[in-house]
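Engineer: Would you mind keeping the following structure in view while I ask a few things?
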Amino acid sequence: MSRRCELTGIGPMTGHSVSHSNVKTKRRFLPSLKSVALHSEALGRSERLRISNAALRTLDFKGGLDAFIVKASDDKLSPKAQKLKRQIKAKQAETAAA
């Protein structure tokens, strides 16, 4: 399982550990990921995604999973999230036509 947020695409970054004597050694900064069940109001069901804690706060700010995922660009979303986005858009178009 990759260490990448399924909604924002945030992954590991590299940098240096710096000692007191200023010796630099390579290290990795891993994202803080959490596996959560997010409820989609358009689909009426929950979906499990592995997202960063920052993305979880952004979801709350933007107004939920549906609002966030519809506006997100496809290149940052995982294949699972892209499929979820297509389903949400189809359901929203279906309810708008009715």
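Residues are named by chain letter and number: chains run A, B, ... in the order of the structure tokens, numbers start at 1 in each chain, and ligands are numbered from 1 in the order shown.
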Could you pull out the strand (DSSP E) residues of chain A, going by DSSP on the backbone, and write them as a list in words?
Structural biologist: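 Output for chain A, strand (DSSP E) only: Met13, Thr14, Gly15, His16, Ser17, Val18, Lys24, Thr25, Lys26, Arg27, Arg28, Phe29, Leu33, Lys34, Ser35, Val36, Ala37, Leu38, His39, Ser40, Arg45, Ser46, Glu47, Arg48, Leu49, Arg50, Ile51 and Ser52 of chain A.
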Engineer: Find the residue from A:Leu59, A:Ser40, A:Leu7, A:His16 that sits nearest to Lys80 (chain A); use only C-alpha atoms when measuring.
Structural biologist: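 Closest residue, counting only C-alpha atoms: A:Leu7.
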Engineer: Name the closest residue to Phe29 (chain A) among the candidates A:Ala54, A:Leu49, A:Arg3, A:Lys71; distances are taken between atoms, counting only C-alpha atoms.
Structural biologist: A:Arg3
Engineer: For the structure I just gave you, how does DSSP split chain A - specifically, which residues are alpha helix (DSSP H)? Reply as a PyMOL selection string.
Structural biologist: chain A and resi 53-62+65-71+79-97
Engineer: What is the distance between CA of Ser32 (chain A) and CA of Met13 (chain A), in Å to one decimal?
Structural biologist: 11.9 Å
Engineer: Nearest to Val70 (chain A): which of A:Val18, A:Val36, A:Ala90, A:Ile10 is it, counting only C-alpha atoms?
Structural biologist: A:Ala90
Engineer: When you draw a straight line from CA of Pro12 (chain A) to CA of Leu56 (chain A), how long is it in Å?
Structural biologist: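 So the answer is 17.6 Å.
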Engineer: Which polymer residues have any atom within 12 Å of an atom of Ile51 (chain A), counting only C-alpha atoms, with same-chain residues fewer than 5 positions away left out, as a PyMOL selection string?
Structural biologist: chain A and resi 2-11+31-38+56-59+65+77-78+81
Engineer: For the atom pair CA of Gly63 (chain A) and CA of Arg86 (chain A), what is the interatomic distance in Å to one decimal place?
Structural biologist: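 Rounded to one decimal, the two atoms are 18.6 Å apart.
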Engineer: Taking only C-alpha atoms into account, which of A:Val23, A:Ala72, A:Ala55, A:Ala42 comes nearest Lys91 (chain A)?
Structural biologist: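 Comparing A:Val23, A:Ala72, A:Ala55, A:Ala42 against Lys91 (chain A), the winner is A:Ala42.
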